[in-house]
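Colleague: As input, take run.cif (mmCIF, C-alpha atoms):
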data_query
loop_
_atom_site.label_atom_id
_atom_site.label_comp_id
_atom_site.auth_asym_id
_atom_site.auth_seq_id
_atom_site.Cartn_x
_atom_site.Cartn_y
_atom_site.Cartn_z
CA ALA Q 1246 10.60 7.17 1.72
CA GLU Q 1247 13.52 7.98 3.99
CA ILE Q 1248 14.33 11.22 2.16
CA CYS Q 1249 10.65 12.23 2.25
CA ARG Q 1250 10.54 11.47 5.98
CA LEU Q 1251 13.57 13.65 6.69
CA VAL Q 1252 12.22 16.49 4.55
CA ALA Q 1253 8.80 16.27 6.25
CA LEU Q 1254 10.42 16.31 9.69
CA HIS Q 1255 12.04 19.66 8.90
CA LEU Q 1256 9.17 21.43 7.14
CA SER Q 1257 6.94 23.43 9.45
CA ILE Q 1258 4.13 23.48 6.87
CA LEU Q 1259 3.91 19.68 7.33
CA GLY Q 1260 3.98 19.94 11.12
CA GLY Q 1261 7.67 19.11 11.52
CA TYR Q 1262 8.44 16.68 14.32
CA THR Q 1263 4.98 16.98 15.87
CA GLY Q 1264 3.12 16.16 12.67
CA LEU Q 1265 -0.34 17.26 11.64
CA PHE Q 1266 -3.51 16.84 13.66
CA ILE Q 1267 -6.87 16.69 11.92
CA PRO Q 1268 -9.61 18.15 14.12
CA PHE Q 1269 -12.58 15.83 14.59
CA LYS Q 1270 -15.78 17.29 13.23
CA PRO Q 1271 -18.20 14.44 12.45
CA ASN Q 1272 -19.08 14.94 8.79
CA PRO Q 1273 -19.46 12.09 6.28
CA TRP Q 1274 -18.34 14.36 3.43
CA GLN Q 1275 -14.97 14.75 5.19
CA TYR Q 1276 -14.47 11.04 6.01
CA GLN Q 1277 -15.16 11.72 9.69
CA PHE Q 1278 -17.49 9.34 11.51
CA GLN Q 1279 -18.31 8.54 15.12
CA GLY Q 1280 -17.56 4.80 14.94
CA LYS Q 1281 -15.21 2.48 13.09
CA ILE Q 1282 -17.83 0.63 11.00
CA PRO Q 1283 -18.16 3.33 8.30
CA TYR Q 1284 -14.39 3.25 7.86
CA TYR Q 1285 -14.55 -0.49 7.26
CA PHE Q 1286 -17.07 -0.06 4.47
CA ILE Q 1287 -15.15 2.83 2.93
CA ALA Q 1288 -11.96 0.73 2.99
CA LEU Q 1289 -13.87 -2.14 1.40
CA GLY Q 1290 -15.16 0.25 -1.27
CA LEU Q 1291 -11.65 1.57 -1.91
CA LEU Q 1292 -10.40 -2.02 -2.26
CA ALA Q 1293 -13.16 -2.77 -4.76
CA PHE Q 1294 -12.41 0.45 -6.65
CA GLY Q 1295 -8.68 -0.36 -6.78
CA CYS Q 1296 -9.39 -3.88 -8.04
CA LEU Q 1297 -11.78 -2.46 -10.64
CA VAL Q 1298 -9.11 -0.03 -11.87
CA VAL Q 1299 -6.52 -2.81 -12.09
CA TRP Q 1300 -9.03 -5.05 -13.89
CA ALA Q 1301 -9.77 -2.29 -16.40
CA VAL Q 1302 -6.06 -1.62 -16.97
CA GLU Q 1303 -5.30 -5.32 -17.45
CA ARG Q 1304 -7.89 -5.56 -20.22
CA SER Q 1305 -6.93 -2.38 -22.03
CA LYS Q 1306 -4.27 -1.54 -24.59
CA PHE Q 1307 -2.49 0.34 -21.81
CA GLY Q 1308 -2.27 -2.91 -19.80
CA THR Q 1309 -0.94 -4.79 -22.80
CA TYR Q 1310 1.77 -2.17 -23.24
CA LEU Q 1311 2.68 -2.41 -19.56
CA GLN Q 1312 2.97 -6.19 -19.79
CA ALA Q 1313 5.19 -5.86 -22.86
CA ILE Q 1314 7.37 -3.31 -21.06
CA ARG Q 1315 7.63 -5.64 -18.04
CA GLU Q 1316 8.70 -8.58 -20.19
CA ASP Q 1317 11.23 -6.77 -22.41
CA GLU Q 1318 11.48 -3.00 -22.40
CA ASP Q 1319 13.94 -2.80 -25.31
CA ALA Q 1320 11.81 -5.03 -27.54
CA SER Q 1321 8.71 -2.98 -26.66
CA GLU Q 1322 10.53 0.20 -27.60
CA ALA Q 1323 11.67 -1.38 -30.87
CA LEU Q 1324 8.06 -2.30 -31.69
CA GLY Q 1325 6.96 1.31 -31.28
CA VAL Q 1326 5.72 1.41 -27.68
CA ASP Q 1327 6.58 4.73 -26.04
CA THR Q 1328 7.91 3.06 -22.89
CA PHE Q 1329 8.69 6.30 -21.08
CA ARG Q 1330 5.15 7.61 -21.61
CA TYR Q 1331 3.45 4.41 -20.47
CA LYS Q 1332 5.72 4.01 -17.47
CA MET Q 1333 4.94 7.59 -16.43
CA LEU Q 1334 1.22 6.93 -16.85
CA ALA Q 1335 1.58 3.81 -14.67
CA TYR Q 1336 3.44 5.82 -12.02
CA GLY Q 1337 0.73 8.49 -12.15
CA LEU Q 1338 -2.06 5.94 -11.76
CA SER Q 1339 -0.19 4.29 -8.90
CA ALA Q 1340 0.35 7.67 -7.22
CA ALA Q 1341 -3.34 8.56 -7.60
CA LEU Q 1342 -4.48 5.31 -5.98
CA THR Q 1343 -1.88 5.71 -3.25
CA ALA Q 1344 -3.04 9.28 -2.59
CA LEU Q 1345 -6.63 8.08 -2.33
CA GLY Q 1346 -5.63 5.45 0.22
CA GLY Q 1347 -3.39 7.90 2.08
CA THR Q 1348 -6.20 10.43 2.34
CA PHE Q 1349 -8.46 7.77 3.78
CA TYR Q 1350 -5.71 6.73 6.23
CA ALA Q 1351 -5.20 10.32 7.36
CA TYR Q 1352 -8.86 10.78 8.20
CA TYR Q 1353 -9.02 7.39 9.87
CA GLN Q 1354 -6.06 8.21 12.14
CA PHE Q 1355 -6.71 11.99 12.54
CA TYR Q 1356 -2.96 12.38 12.97
CA LEU Q 1357 -0.04 12.26 10.55
CA GLN Q 1358 3.52 12.13 11.85
CA PRO Q 1359 6.48 11.62 9.48
CA ASN Q 1360 8.10 8.93 11.64
CA THR Q 1361 5.00 6.74 11.41
CA VAL Q 1362 3.65 7.53 7.94
CA LEU Q 1363 6.99 7.60 6.08
CA ASN Q 1364 8.73 4.92 8.12
CA ILE Q 1365 10.96 2.60 6.04
CA ASN Q 1366 9.44 -0.46 7.76
CA HIS Q 1367 5.99 0.70 6.68
CA SER Q 1368 7.20 1.12 3.10
CA VAL Q 1369 8.78 -2.33 3.01
CA ASP Q 1370 5.66 -3.84 4.55
CA ILE Q 1371 3.54 -2.31 1.78
CA MET Q 1372 5.92 -3.50 -0.97
CA ILE Q 1373 6.27 -7.07 0.32
CA ARG Q 1374 2.53 -7.83 0.16
CA PRO Q 1375 2.30 -8.09 -3.64
CA ILE Q 1376 5.53 -10.10 -3.70
CA VAL Q 1377 4.07 -12.71 -1.35
CA GLY Q 1378 0.67 -12.76 -3.08
CA GLY Q 1379 2.03 -12.62 -6.59
CA SER Q 1380 2.94 -9.42 -8.40
CA GLY Q 1381 1.55 -8.86 -11.85
CA THR Q 1382 -1.86 -10.19 -10.87
CA MET Q 1383 -4.99 -8.44 -9.72
CA LEU Q 1384 -5.65 -10.52 -6.61
CA GLY Q 1385 -2.00 -11.16 -5.67
CA PRO Q 1386 -1.56 -8.05 -3.52
CA VAL Q 1387 -4.94 -8.63 -1.86
CA LEU Q 1388 -4.05 -12.24 -1.06
CA GLY Q 1389 -0.56 -11.20 0.09
CA ALA Q 1390 -1.98 -8.55 2.41
CA PHE Q 1391 -4.47 -11.02 3.84
CA LEU Q 1392 -1.84 -13.71 4.42
CA LEU Q 1393 0.78 -11.37 5.88
CA GLU Q 1394 -1.75 -9.79 8.20
CA LEU Q 1395 -2.74 -13.24 9.47
CA LEU Q 1396 0.92 -14.24 9.78
CA GLY Q 1397 1.79 -11.04 11.66
CA GLU Q 1398 -1.11 -11.40 14.08
CA PHE Q 1399 -0.35 -15.10 14.60
CA SER Q 1400 3.30 -14.39 15.40
CA ARG Q 1401 2.37 -11.53 17.75
CA THR Q 1402 -0.23 -13.65 19.54
CA TYR Q 1403 1.76 -16.85 20.03
CA PHE Q 1404 5.39 -15.74 20.13
CA ALA Q 1405 5.40 -12.26 21.69
CA GLY Q 1406 5.13 -13.43 25.30
CA GLY Q 1407 8.55 -15.09 25.56
CA VAL Q 1408 11.72 -13.58 24.17
CA ALA Q 1409 11.44 -9.94 23.13
CA GLY Q 1410 11.38 -9.65 19.36
CA LEU Q 1411 10.91 -13.37 18.72
CA ASN Q 1412 7.64 -12.72 16.91
CA VAL Q 1413 9.42 -10.40 14.44
CA VAL Q 1414 12.16 -12.98 13.83
CA ILE Q 1415 9.63 -15.74 13.19
CA TYR Q 1416 7.63 -13.42 10.91
CA GLY Q 1417 10.82 -12.63 8.97
CA VAL Q 1418 11.85 -16.28 8.68
CA LEU Q 1419 8.42 -17.30 7.42
CA LEU Q 1420 8.49 -14.42 4.95
CA ILE Q 1421 11.92 -15.51 3.66
CA ILE Q 1422 10.66 -19.09 3.26
CA VAL Q 1423 7.69 -17.87 1.21
CA VAL Q 1424 9.89 -15.70 -1.00
CA LEU Q 1425 12.48 -18.48 -1.52
CA PHE Q 1426 10.10 -21.35 -2.23
CA LEU Q 1427 7.31 -19.40 -3.92
CA PRO Q 1428 9.16 -16.73 -5.97
CA ARG Q 1429 6.10 -16.03 -8.15
CA GLY Q 1430 3.94 -15.57 -5.05
CA VAL Q 1431 1.31 -17.69 -3.40
#
Could you take the file, read its structure, and then write that structure out as structure tokens?

Modeller:
Amino acid sequence: AEICRLVALHLSILGGYTGLFIPFKPNPWQYQFQGKIPYYFIALGLLAFGCLVVWAVERSKFGTYLQAIREDEDASEALGVDTFRYKMLAYGLSAALTALGGTFYAYYQFYLQPNTVLNINHSVDIMIRPIVGGSGTMLGPVLGAFLLELLGEFSRTYFAGGVAGLNVVIYGVLLIIVVLFLPRGV
């Protein structure tokens, strides 16, 4: 993410340091709406679509191969699973779902700037959600996102007024406690 951020900052085709602005032209076919409610329902639909894709993968031969690769890559290879191929297919599927979500995010924000979109904190925040909820499950990342969002808002609401940065410290400590005492996720 950091390398991509630095590259994007120096490429004029990506807007460089100023980023890219998306002009607002209300058109449902371009994800552009007057209010925020349509975005909520589109995000809910994207969540349902992502869960459906994960559900379908879990119940397919592809999902079985991925589970075997996760458990023991060498043994999977010895049993005839083309681990490189299936890992590349998993990366491709992950990239496609990420691109779908990123496209939605771009049209929701109408502005993309490398320092905000490709920020290392943003990347870590995205990766920590399935760890807290339970990676390797369909609902783990959803539960992790829900819990971490509540935890973040709670810490900002009740601990941001006093010492500067205390809410971030408390959020980090609670996150460490969850990871230490619930290593398989909530």

Colleague: When you draw a straight line from CA of Thr1402 (chain Q) to CA of Ala1246 (chain Q), how long is it in Å?

Modeller: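 Going from CA of Thr1402 (chain Q) over to CA of Ala1246 (chain Q) covers 29.5 Å.
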
Colleague: For Val1298 (chain Q), which residue out of Q:Ile1376, Q:Met1333, Q:Leu1338, Q:Phe1426 is the nearest one, using all atoms listed in the file?

Modeller: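 That would be Q:Leu1338, the residue with the smallest distance to Val1298 (chain Q).
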
Colleague: Since I can't run it myself right now, could you work out what the PyMOL selection byres ((chain Q and resi 1313) around 12) selects here and report it as a VMD selection string?

Modeller: chain Q and resid 1303 1306 to 1312 1314 to 1328 1331 to 1332 1381

Colleague: Mind pulling up the distance from CA of Phe1349 (chain Q) to CA of Tyr1276 (chain Q)?

Modeller: 7.2 Å

Colleague: Closest to Leu1345 (chain Q) among Q:Ala1253, Q:Ile1371, Q:Ala1301, Q:Ile1287, using only C-alpha atoms?

Modeller: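 Result for the nearest residue to Leu1345 (chain Q): Q:Ile1287.
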
Colleague: If we draw a sphere of 10 Å around (0.0, -10.2, -2.7), which residues have at least one atom in it when counting only C-alpha atoms? Please report them as a list of chain:residue names.

Modeller: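 In the file's frame, the residues around the point are Q:Ile1371, Q:Met1372, Q:Ile1373, Q:Arg1374, Q:Pro1375, Q:Ile1376, Q:Val1377, Q:Gly1378, Q:Gly1379, Q:Ser1380, Q:Gly1381, Q:Thr1382, Q:Met1383, Q:Leu1384, Q:Gly1385, Q:Pro1386, Q:Val1387, Q:Leu1388, Q:Gly1389, Q:Ala1390, Q:Phe1391, Q:Leu1392, Q:Leu1393, Q:Gly1430, Q:Val1431.
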
Colleague: How would the residues just picked look written out with C-alpha atoms as a short mmCIF file (atom, residue, chain, number, x, y, z; two decimals), in the frame of the given file?

Modeller:
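Printed below is part.cif as written:
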data_model
loop_
_atom_site.label_atom_id
_atom_site.label_comp_id
_atom_site.auth_asym_id
_atom_site.auth_seq_id
_atom_site.Cartn_x
_atom_site.Cartn_y
_atom_site.Cartn_z
CA ILE Q 1371 3.54 -2.31 1.78
CA MET Q 1372 5.92 -3.50 -0.97
CA ILE Q 1373 6.27 -7.07 0.32
CA ARG Q 1374 2.53 -7.83 0.16
CA PRO Q 1375 2.30 -8.09 -3.64
CA ILE Q 1376 5.53 -10.10 -3.70
CA VAL Q 1377 4.07 -12.71 -1.35
CA GLY Q 1378 0.67 -12.76 -3.08
CA GLY Q 1379 2.03 -12.62 -6.59
CA SER Q 1380 2.94 -9.42 -8.40
CA GLY Q 1381 1.55 -8.86 -11.85
CA THR Q 1382 -1.86 -10.19 -10.87
CA MET Q 1383 -4.99 -8.44 -9.72
CA LEU Q 1384 -5.65 -10.52 -6.61
CA GLY Q 1385 -2.00 -11.16 -5.67
CA PRO Q 1386 -1.56 -8.05 -3.52
CA VAL Q 1387 -4.94 -8.63 -1.86
CA LEU Q 1388 -4.05 -12.24 -1.06
CA GLY Q 1389 -0.56 -11.20 0.09
CA ALA Q 1390 -1.98 -8.55 2.41
CA PHE Q 1391 -4.47 -11.02 3.84
CA LEU Q 1392 -1.84 -13.71 4.42
CA LEU Q 1393 0.78 -11.37 5.88
CA GLY Q 1430 3.94 -15.57 -5.05
CA VAL Q 1431 1.31 -17.69 -3.40
#

Colleague: May I ask which of the residues Q:Ala1340, Q:Val1252, Q:Leu1420, Q:Cys1296 is the closest one to Asp1370 (chain Q), counting only C-alpha atoms?

Modeller: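 With only C-alpha atoms as the atom set, the closest residue is Q:Leu1420.
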